[in-house]
Every structure is written in C-alpha cells, then in structure tokens.
file query11.cif (mmCIF, N, CA and C atoms and all ligand atoms)
data_protein
#
loop_
_atom_site.label_atom_id
_atom_site.label_comp_id
_atom_site.auth_asym_id
_atom_site.auth_seq_id
_atom_site.Cartn_x
_atom_site.Cartn_y
_atom_site.Cartn_z
N MET A 10 1.58 -17.02 -13.01
CA MET A 10 2.06 -16.52 -11.73
C MET A 10 1.11 -16.96 -10.63
N LYS A 11 1.67 -17.47 -9.57
CA LYS A 11 0.83 -17.95 -8.48
C LYS A 11 1.37 -17.40 -7.17
N THR A 12 0.51 -16.78 -6.43
CA THR A 12 0.95 -16.24 -5.15
C THR A 12 -0.17 -16.32 -4.14
N SER A 13 0.19 -16.58 -2.93
CA SER A 13 -0.81 -16.62 -1.87
C SER A 13 -0.46 -15.58 -0.80
N ALA A 14 0.50 -14.76 -1.15
CA ALA A 14 0.95 -13.75 -0.18
C ALA A 14 -0.14 -12.75 0.12
N ARG A 15 -0.26 -12.40 1.35
CA ARG A 15 -1.22 -11.39 1.76
C ARG A 15 -0.49 -10.08 1.99
N GLY A 16 -1.26 -9.02 2.05
CA GLY A 16 -0.64 -7.73 2.31
C GLY A 16 -0.82 -6.78 1.16
N GLY A 17 -0.13 -5.68 1.19
CA GLY A 17 -0.29 -4.67 0.14
C GLY A 17 -1.48 -3.79 0.44
N VAL A 18 -1.87 -3.07 -0.59
CA VAL A 18 -2.96 -2.12 -0.42
C VAL A 18 -4.31 -2.84 -0.38
N THR A 19 -5.11 -2.50 0.58
CA THR A 19 -6.43 -3.11 0.70
C THR A 19 -7.48 -2.02 0.72
N VAL A 20 -8.43 -2.11 -0.19
CA VAL A 20 -9.51 -1.14 -0.23
C VAL A 20 -10.82 -1.90 -0.13
N GLY A 21 -11.15 -2.28 1.07
CA GLY A 21 -12.39 -2.99 1.29
C GLY A 21 -12.48 -4.28 0.51
N ALA A 22 -13.69 -4.66 0.16
CA ALA A 22 -13.91 -5.92 -0.53
C ALA A 22 -13.55 -5.83 -2.01
N GLN A 23 -13.27 -4.64 -2.50
CA GLN A 23 -12.97 -4.48 -3.92
C GLN A 23 -11.49 -4.62 -4.22
N ALA A 24 -10.70 -4.95 -3.22
CA ALA A 24 -9.25 -4.92 -3.36
C ALA A 24 -8.73 -5.82 -4.47
N HIS A 25 -9.41 -6.92 -4.71
CA HIS A 25 -8.87 -7.88 -5.66
C HIS A 25 -9.44 -7.78 -7.06
N TRP A 26 -10.26 -6.79 -7.28
CA TRP A 26 -10.78 -6.53 -8.64
C TRP A 26 -9.92 -5.44 -9.26
N TYR A 27 -9.42 -5.70 -10.48
CA TYR A 27 -8.59 -4.71 -11.15
C TYR A 27 -9.23 -4.31 -12.47
N PRO A 28 -8.92 -3.09 -12.93
CA PRO A 28 -9.48 -2.65 -14.21
C PRO A 28 -8.86 -3.44 -15.37
N THR A 29 -9.64 -3.71 -16.38
CA THR A 29 -9.14 -4.36 -17.58
C THR A 29 -9.94 -3.84 -18.77
N ALA A 30 -9.33 -3.89 -19.95
CA ALA A 30 -10.00 -3.41 -21.16
C ALA A 30 -9.36 -4.10 -22.36
N THR A 31 -9.96 -3.89 -23.53
CA THR A 31 -9.46 -4.60 -24.72
C THR A 31 -8.11 -4.07 -25.19
N SER A 32 -7.79 -2.82 -24.86
CA SER A 32 -6.51 -2.28 -25.30
C SER A 32 -6.02 -1.23 -24.31
N ARG A 33 -4.79 -0.81 -24.49
CA ARG A 33 -4.21 0.19 -23.60
C ARG A 33 -3.20 1.01 -24.37
N ARG A 34 -2.85 2.17 -23.82
CA ARG A 34 -1.82 2.99 -24.44
C ARG A 34 -0.93 3.56 -23.36
N LEU A 35 0.26 3.93 -23.75
CA LEU A 35 1.23 4.46 -22.79
C LEU A 35 1.08 5.97 -22.71
N VAL A 36 0.86 6.45 -21.51
CA VAL A 36 0.69 7.88 -21.30
C VAL A 36 1.93 8.42 -20.60
N ARG A 37 2.44 9.54 -21.10
CA ARG A 37 3.64 10.10 -20.49
C ARG A 37 3.28 11.05 -19.36
N ARG A 38 3.73 10.68 -18.19
CA ARG A 38 3.57 11.55 -17.03
C ARG A 38 4.95 11.62 -16.39
N ASP A 39 4.99 11.87 -15.10
CA ASP A 39 6.27 11.85 -14.40
C ASP A 39 6.87 10.45 -14.51
N ASP A 40 6.01 9.47 -14.34
CA ASP A 40 6.41 8.09 -14.58
C ASP A 40 5.54 7.58 -15.72
N ALA A 41 6.12 6.80 -16.59
CA ALA A 41 5.33 6.23 -17.68
C ALA A 41 4.24 5.35 -17.09
N GLU A 42 3.06 5.44 -17.67
CA GLU A 42 1.96 4.66 -17.13
C GLU A 42 1.05 4.18 -18.24
N TRP A 43 0.64 2.93 -18.14
CA TRP A 43 -0.31 2.39 -19.09
C TRP A 43 -1.71 2.80 -18.71
N VAL A 44 -2.46 3.28 -19.67
CA VAL A 44 -3.84 3.66 -19.43
C VAL A 44 -4.74 2.83 -20.34
N LEU A 45 -5.76 2.25 -19.75
CA LEU A 45 -6.67 1.40 -20.52
C LEU A 45 -7.55 2.25 -21.42
N GLU A 46 -7.84 1.72 -22.61
CA GLU A 46 -8.69 2.42 -23.57
C GLU A 46 -10.01 1.69 -23.71
N GLY A 47 -11.02 2.45 -24.07
CA GLY A 47 -12.33 1.86 -24.28
C GLY A 47 -13.02 1.60 -22.95
N THR A 48 -14.01 0.73 -23.00
CA THR A 48 -14.78 0.42 -21.79
C THR A 48 -13.91 -0.35 -20.81
N VAL A 49 -13.91 0.10 -19.56
CA VAL A 49 -13.11 -0.54 -18.52
C VAL A 49 -13.99 -1.52 -17.74
N HIS A 50 -13.54 -2.77 -17.69
CA HIS A 50 -14.26 -3.81 -16.95
C HIS A 50 -13.44 -4.21 -15.73
N ALA A 51 -14.06 -5.00 -14.86
CA ALA A 51 -13.37 -5.49 -13.67
C ALA A 51 -13.00 -6.96 -13.85
N ARG A 52 -11.82 -7.32 -13.35
CA ARG A 52 -11.37 -8.70 -13.50
C ARG A 52 -10.44 -9.04 -12.35
N ARG A 53 -10.52 -10.26 -11.88
CA ARG A 53 -9.65 -10.72 -10.81
C ARG A 53 -8.39 -11.35 -11.40
N CYS A 54 -7.34 -11.30 -10.64
CA CYS A 54 -6.10 -11.95 -11.05
C CYS A 54 -6.35 -13.44 -11.28
N GLY A 55 -5.88 -13.93 -12.43
CA GLY A 55 -5.97 -15.35 -12.69
C GLY A 55 -7.28 -15.81 -13.28
N GLU A 56 -8.28 -14.93 -13.34
CA GLU A 56 -9.56 -15.32 -13.92
C GLU A 56 -9.60 -14.99 -15.41
N LEU A 57 -10.36 -15.77 -16.17
CA LEU A 57 -10.39 -15.62 -17.62
C LEU A 57 -11.48 -14.67 -18.08
N THR A 58 -12.41 -14.37 -17.21
CA THR A 58 -13.52 -13.51 -17.61
C THR A 58 -13.64 -12.29 -16.71
N THR A 59 -14.32 -11.28 -17.23
CA THR A 59 -14.57 -10.07 -16.45
C THR A 59 -15.73 -10.32 -15.49
N ALA A 60 -15.97 -9.35 -14.63
CA ALA A 60 -17.07 -9.48 -13.67
C ALA A 60 -18.41 -9.61 -14.37
N CYS A 61 -18.51 -9.04 -15.59
CA CYS A 61 -19.79 -9.11 -16.32
C CYS A 61 -19.83 -10.30 -17.26
N GLY A 62 -18.79 -11.15 -17.23
CA GLY A 62 -18.85 -12.40 -17.96
C GLY A 62 -18.19 -12.43 -19.33
N LEU A 63 -17.49 -11.37 -19.71
CA LEU A 63 -16.82 -11.36 -21.01
C LEU A 63 -15.51 -12.13 -20.93
N LEU A 64 -15.20 -12.86 -22.00
CA LEU A 64 -13.93 -13.58 -22.06
C LEU A 64 -12.81 -12.55 -22.28
N ALA A 65 -11.86 -12.50 -21.37
CA ALA A 65 -10.86 -11.44 -21.40
C ALA A 65 -9.46 -11.99 -21.22
N VAL A 66 -9.22 -13.14 -21.81
CA VAL A 66 -7.96 -13.85 -21.60
C VAL A 66 -6.75 -12.98 -21.92
N ASP A 67 -6.79 -12.30 -23.06
CA ASP A 67 -5.60 -11.55 -23.49
C ASP A 67 -5.76 -10.05 -23.30
N TRP A 68 -6.71 -9.65 -22.49
CA TRP A 68 -6.89 -8.22 -22.24
C TRP A 68 -5.84 -7.73 -21.24
N PRO A 69 -5.28 -6.53 -21.46
CA PRO A 69 -4.35 -5.98 -20.48
C PRO A 69 -5.09 -5.57 -19.21
N MET A 70 -4.41 -5.71 -18.08
CA MET A 70 -4.98 -5.29 -16.81
C MET A 70 -4.13 -4.18 -16.22
N SER A 71 -4.74 -3.36 -15.42
CA SER A 71 -4.01 -2.31 -14.72
C SER A 71 -3.97 -2.63 -13.24
N PHE A 72 -2.74 -2.63 -12.70
CA PHE A 72 -2.62 -2.96 -11.28
C PHE A 72 -2.26 -1.72 -10.46
N TYR A 73 -2.38 -0.56 -11.10
CA TYR A 73 -2.02 0.68 -10.40
C TYR A 73 -3.07 1.06 -9.36
N GLU A 74 -4.29 0.68 -9.62
CA GLU A 74 -5.37 1.05 -8.72
C GLU A 74 -6.48 0.03 -8.84
N PRO A 75 -7.32 -0.11 -7.81
CA PRO A 75 -8.43 -1.06 -7.87
C PRO A 75 -9.49 -0.60 -8.86
N PHE A 76 -10.32 -1.54 -9.29
CA PHE A 76 -11.39 -1.23 -10.24
C PHE A 76 -12.29 -0.11 -9.72
N ALA A 77 -12.52 -0.10 -8.41
CA ALA A 77 -13.42 0.90 -7.82
C ALA A 77 -12.94 2.33 -8.08
N ALA A 78 -11.64 2.48 -8.35
CA ALA A 78 -11.10 3.82 -8.58
C ALA A 78 -10.96 4.12 -10.07
N ALA A 79 -11.41 3.19 -10.92
CA ALA A 79 -11.27 3.37 -12.36
C ALA A 79 -12.08 4.56 -12.84
N ARG A 80 -11.52 5.26 -13.82
CA ARG A 80 -12.20 6.43 -14.38
C ARG A 80 -12.56 6.16 -15.84
N GLY A 81 -13.35 7.06 -16.40
CA GLY A 81 -13.68 6.97 -17.80
C GLY A 81 -14.91 6.12 -18.06
N ASP A 82 -14.89 5.41 -19.17
CA ASP A 82 -16.02 4.62 -19.61
C ASP A 82 -16.02 3.28 -18.87
N VAL A 83 -16.66 3.24 -17.72
CA VAL A 83 -16.66 2.04 -16.89
C VAL A 83 -17.91 1.21 -17.14
N CYS A 84 -17.72 -0.09 -17.24
CA CYS A 84 -18.83 -1.01 -17.50
C CYS A 84 -19.78 -1.04 -16.30
N ARG A 85 -21.04 -0.71 -16.53
CA ARG A 85 -22.00 -0.64 -15.42
C ARG A 85 -22.32 -2.01 -14.86
N SER A 86 -22.28 -3.00 -15.71
CA SER A 86 -22.57 -4.35 -15.26
C SER A 86 -21.47 -4.83 -14.29
N CYS A 87 -20.23 -4.47 -14.61
CA CYS A 87 -19.13 -4.82 -13.72
C CYS A 87 -19.24 -4.07 -12.40
N VAL A 88 -19.64 -2.82 -12.46
CA VAL A 88 -19.80 -2.03 -11.24
C VAL A 88 -20.83 -2.67 -10.33
N ARG A 89 -21.94 -3.12 -10.93
CA ARG A 89 -22.98 -3.77 -10.12
C ARG A 89 -22.43 -5.01 -9.43
N THR A 90 -21.63 -5.78 -10.14
CA THR A 90 -21.09 -7.00 -9.58
C THR A 90 -20.05 -6.72 -8.50
N VAL A 91 -19.18 -5.77 -8.76
CA VAL A 91 -18.06 -5.51 -7.86
C VAL A 91 -18.47 -4.67 -6.66
N VAL A 92 -19.19 -3.60 -6.93
CA VAL A 92 -19.54 -2.66 -5.87
C VAL A 92 -20.88 -3.03 -5.23
N GLY A 93 -21.69 -3.76 -5.97
CA GLY A 93 -22.97 -4.17 -5.45
C GLY A 93 -24.02 -3.09 -5.46
N VAL A 94 -23.92 -2.18 -6.43
CA VAL A 94 -24.89 -1.08 -6.53
C VAL A 94 -26.09 -1.53 -7.37
ZN ZN B 101 -17.94 -5.44 -17.64
#
call {"tool": "encode", "arguments": {"input": "query11.cif", "output": "structure tokens"}}
result
Amino acid sequence: MKTSARGGVTVGAQAHWYPTATSRRLVRRDDAEWVLEGTVHARRCGELTTACGLLAVDWPMSFYEPFAAARGDVCRSCVRTVVGV
C-alpha cells in the first residue's frame, strides 16, 4: 500500500509511529478490536523494523491509536526513540 495523502489525526511528531507486537488477539467490546499481546514496540508504516531495530516484517500493527498512547508492556527502547525521553 502506498499513499502520500496528508490529513487525519495528528498527535505531534509521534503521529506516524504505530504500536506493533509479535501477536495480537481480538477483544470484544462495543466494537471488535484487535489488541496487541506481549511487548509493544513502535513501527512506522512501510518500515521493516521497529524503532528499537527489531525485524518486524510480519508483526501485526495497530492503527487505532499512536504508539505514544500505547498501554501495557511498552518497549522502553522504542519509547526513547519515538518520544525522545
Ligand atoms: Zn522496541
């Protein structure tokens, strides 16, 4: 998929980093939603590796919210890269 369209939700400089992990499961809420399992890393659309350098070619990504809003077991190395802490 290739797109150069601008717009949509923008949350500062972190807008293009999305959560990714090795696996995911479907959680039943009002709307069905995929929730990532295990350590959550940050990854950009179209990139093969996470922010911390792991090869994540076939890892599922979540586009519901930016990485900065990810909860649970978040990779600290990715946080440092994305948020700059
Ligand atoms: Zn990471």
call {"tool": "closest_residue", "arguments": {"input": "query11.cif", "among": "A:Arg38, A:Arg89, A:His50, A:His25", "to": "ligand ZN 101 (chain B)", "atoms": "only N, CA and C atoms and all ligand atoms"}}
result
A:His50
call {"tool": "select_by_dssp", "arguments": {"input": "query11.cif", "residues": "chain A", "states": "strand (DSSP E)", "output": "MDAnalysis selection string"}}
result
chainID A and resid 26:29 32:36 42:46 50:53
call {"tool": "residues_near_ligand", "arguments": {"input": "query11.cif", "ligand": "ligand ZN 101 (chain B)", "cutoff": "8 Å", "atoms": "all atoms listed in the file", "output": "CSV table (one decimal) with N, CA and C atoms, in the coordinates of the input"}}
result
chain,number,residue,atom,x,y,z
A,48,THR,N,-14.0,0.7,-23.0
A,48,THR,CA,-14.8,0.4,-21.8
A,48,THR,C,-13.9,-0.4,-20.8
A,49,VAL,N,-13.9,0.1,-19.6
A,49,VAL,CA,-13.1,-0.5,-18.5
A,49,VAL,C,-14.0,-1.5,-17.7
A,50,HIS,N,-13.5,-2.8,-17.7
A,50,HIS,CA,-14.3,-3.8,-17.0
A,50,HIS,C,-13.4,-4.2,-15.7
A,51,ALA,N,-14.1,-5.0,-14.9
A,51,ALA,CA,-13.4,-5.5,-13.7
A,51,ALA,C,-13.0,-7.0,-13.8
A,52,ARG,N,-11.8,-7.3,-13.4
A,52,ARG,CA,-11.4,-8.7,-13.5
A,52,ARG,C,-10.4,-9.0,-12.4
A,59,THR,N,-14.3,-11.3,-17.2
A,59,THR,CA,-14.6,-10.1,-16.4
A,59,THR,C,-15.7,-10.3,-15.5
A,60,ALA,N,-16.0,-9.4,-14.6
A,60,ALA,CA,-17.1,-9.5,-13.7
A,60,ALA,C,-18.4,-9.6,-14.4
A,61,CYS,N,-18.5,-9.0,-15.6
A,61,CYS,CA,-19.8,-9.1,-16.3
A,61,CYS,C,-19.8,-10.3,-17.3
A,62,GLY,N,-18.8,-11.2,-17.2
A,62,GLY,CA,-18.8,-12.4,-18.0
A,62,GLY,C,-18.2,-12.4,-19.3
A,63,LEU,N,-17.5,-11.4,-19.7
A,63,LEU,CA,-16.8,-11.4,-21.0
A,63,LEU,C,-15.5,-12.1,-20.9
A,83,VAL,N,-16.7,3.2,-17.7
A,83,VAL,CA,-16.7,2.0,-16.9
A,83,VAL,C,-17.9,1.2,-17.1
A,84,CYS,N,-17.7,-0.1,-17.2
A,84,CYS,CA,-18.8,-1.0,-17.5
A,84,CYS,C,-19.8,-1.0,-16.3
A,85,ARG,N,-21.0,-0.7,-16.5
A,85,ARG,CA,-22.0,-0.6,-15.4
A,85,ARG,C,-22.3,-2.0,-14.9
A,86,SER,N,-22.3,-3.0,-15.7
A,86,SER,CA,-22.6,-4.4,-15.3
A,86,SER,C,-21.5,-4.8,-14.3
A,87,CYS,N,-20.2,-4.5,-14.6
A,87,CYS,CA,-19.1,-4.8,-13.7
A,87,CYS,C,-19.2,-4.1,-12.4
A,88,VAL,N,-19.6,-2.8,-12.5
A,88,VAL,CA,-19.8,-2.0,-11.2
A,88,VAL,C,-20.8,-2.7,-10.3
call {"tool": "atom_distance", "arguments": {"input": "query11.cif", "atom1": "atom N of Met70 in chain A", "atom2": "CA of Asp82 in chain A"}}
result
15.6 Å
call {"tool": "atom_distance", "arguments": {"input": "query11.cif", "atom1": "atom N of Gly81 in chain A", "atom2": "CA of Glu46 in chain A"}}
result
9.7 Å
call {"tool": "atom_distance", "arguments": {"input": "query11.cif", "atom1": "atom N of Thr31 in chain A", "atom2": "atom C of Val66 in chain A"}}
result
9.8 Å
call {"tool": "residues_around", "arguments": {"input": "query11.cif", "residues": "Arg34 in chain A", "least_positions_apart": "5", "cutoff": "8 Å", "atoms": "all atoms listed in the file", "output": "PDB file with N, CA and C atoms, in the coordinates of the input"}}
result
ATOM      1  N   GLU A  42       3.060   5.440 -17.670  1.00  0.00           N
ATOM      2  CA  GLU A  42       1.960   4.660 -17.130  1.00  0.00           C
ATOM      3  C   GLU A  42       1.050   4.180 -18.240  1.00  0.00           C
ATOM      4  N   TRP A  43       0.640   2.930 -18.140  1.00  0.00           N
ATOM      5  CA  TRP A  43      -0.310   2.390 -19.090  1.00  0.00           C
ATOM      6  C   TRP A  43      -1.710   2.800 -18.710  1.00  0.00           C
ATOM      7  N   VAL A  44      -2.460   3.280 -19.670  1.00  0.00           N
ATOM      8  CA  VAL A  44      -3.840   3.660 -19.430  1.00  0.00           C
ATOM      9  C   VAL A  44      -4.740   2.830 -20.340  1.00  0.00           C
ATOM     10  N   LEU A  45      -5.760   2.250 -19.750  1.00  0.00           N
ATOM     11  CA  LEU A  45      -6.670   1.400 -20.520  1.00  0.00           C
ATOM     12  C   LEU A  45      -7.550   2.250 -21.420  1.00  0.00           C
ATOM     13  N   GLU A  46      -7.840   1.720 -22.610  1.00  0.00           N
ATOM     14  CA  GLU A  46      -8.690   2.420 -23.570  1.00  0.00           C
ATOM     15  C   GLU A  46     -10.010   1.690 -23.710  1.00  0.00           C
TER      16      GLU A  46
END
call {"tool": "closest_residue", "arguments": {"input": "query11.cif", "among": "A:Glu74, A:Gly93, A:Trp26, A:Val36", "to": "Glu56 in chain A", "atoms": "only C-alpha atoms"}}
result
A:Trp26
call {"tool": "select_by_dssp", "arguments": {"input": "query11.cif", "residues": "chain A", "states": "alpha helix (DSSP H)", "output": "number ranges by chain"}}
result
A: 85-92
call {"tool": "closest_residue", "arguments": {"input": "query11.cif", "among": "A:Asp40, A:Ala78, A:Leu35, A:Tyr27", "to": "Cys54 in chain A", "atoms": "only C-alpha atoms"}}
result
A:Tyr27
call {"tool": "closest_residue", "arguments": {"input": "query11.cif", "among": "A:Ala41, A:Ala30, A:Val91, A:Leu57", "to": "Ala77 in chain A", "atoms": "all atoms listed in the file"}}
result
A:Val91
call {"tool": "closest_residue", "arguments": {"input": "query11.cif", "among": "A:Arg33, A:Thr90, A:Ser71, A:Ala65", "to": "Gly47 in chain A", "atoms": "only N, CA and C atoms"}}
result
A:Arg33
call {"tool": "decode", "arguments": {"input": "query11.cif", "residues": "range 69-93 of chain A", "atoms": "N, CA and C atoms", "output": "tab-separated table (two decimals), in the first residue's frame"}}
result
chain	number	residue	atom	x	y	z
A	69	PRO	N	1.82	-7.87	13.53
A	69	PRO	CA	0.62	-7.05	13.36
A	69	PRO	C	0.83	-5.66	13.93
A	70	MET	N	0.19	-4.68	13.31
A	70	MET	CA	0.26	-3.32	13.80
A	70	MET	C	-1.13	-2.85	14.18
A	71	SER	N	-1.19	-1.92	15.09
A	71	SER	CA	-2.47	-1.34	15.48
A	71	SER	C	-2.52	0.10	15.00
A	72	PHE	N	-3.60	0.40	14.27
A	72	PHE	CA	-3.72	1.77	13.75
A	72	PHE	C	-4.81	2.55	14.47
A	73	TYR	N	-5.27	1.99	15.59
A	73	TYR	CA	-6.34	2.65	16.33
A	73	TYR	C	-5.82	3.87	17.08
A	74	GLU	N	-4.58	3.82	17.46
A	74	GLU	CA	-4.02	4.93	18.23
A	74	GLU	C	-2.52	4.97	17.99
A	75	PRO	N	-1.89	6.14	18.20
A	75	PRO	CA	-0.45	6.25	18.01
A	75	PRO	C	0.31	5.49	19.10
A	76	PHE	N	1.57	5.19	18.82
A	76	PHE	CA	2.40	4.46	19.78
A	76	PHE	C	2.46	5.17	21.12
A	77	ALA	N	2.45	6.50	21.09
A	77	ALA	CA	2.56	7.28	22.33
A	77	ALA	C	1.42	6.99	23.29
A	78	ALA	N	0.30	6.49	22.75
A	78	ALA	CA	-0.86	6.20	23.60
A	78	ALA	C	-0.93	4.73	23.97
A	79	ALA	N	0.06	3.95	23.55
A	79	ALA	CA	0.04	2.51	23.81
A	79	ALA	C	0.11	2.23	25.31
A	80	ARG	N	-0.60	1.19	25.71
A	80	ARG	CA	-0.61	0.80	27.13
A	80	ARG	C	0.03	-0.57	27.29
A	81	GLY	N	0.25	-0.95	28.53
A	81	GLY	CA	0.76	-2.27	28.82
A	81	GLY	C	2.28	-2.32	28.80
A	82	ASP	N	2.80	-3.45	28.34
A	82	ASP	CA	4.23	-3.69	28.36
A	82	ASP	C	4.88	-3.02	27.14
A	83	VAL	N	5.27	-1.77	27.31
A	83	VAL	CA	5.82	-0.99	26.20
A	83	VAL	C	7.34	-1.04	26.21
A	84	CYS	N	7.91	-1.22	25.04
A	84	CYS	CA	9.37	-1.30	24.91
A	84	CYS	C	10.01	0.06	25.24
A	85	ARG	N	10.89	0.07	26.22
A	85	ARG	CA	11.49	1.33	26.66
A	85	ARG	C	12.44	1.90	25.62
A	86	SER	N	13.07	1.02	24.88
A	86	SER	CA	13.99	1.47	23.86
A	86	SER	C	13.22	2.21	22.74
A	87	CYS	N	12.05	1.67	22.41
A	87	CYS	CA	11.22	2.34	21.40
A	87	CYS	C	10.72	3.68	21.92
A	88	VAL	N	10.36	3.73	23.18
A	88	VAL	CA	9.89	4.99	23.77
A	88	VAL	C	10.97	6.05	23.67
A	89	ARG	N	12.21	5.65	23.98
A	89	ARG	CA	13.31	6.61	23.89
A	89	ARG	C	13.46	7.15	22.47
A	90	THR	N	13.32	6.28	21.49
A	90	THR	CA	13.48	6.69	20.11
A	90	THR	C	12.32	7.57	19.64
A	91	VAL	N	11.12	7.18	20.00
A	91	VAL	CA	9.93	7.87	19.50
A	91	VAL	C	9.65	9.16	20.26
A	92	VAL	N	9.68	9.06	21.57
A	92	VAL	CA	9.31	10.19	22.41
A	92	VAL	C	10.53	11.06	22.73
A	93	GLY	N	11.70	10.45	22.67
A	93	GLY	CA	12.91	11.19	22.94
A	93	GLY	C	13.17	11.41	24.41
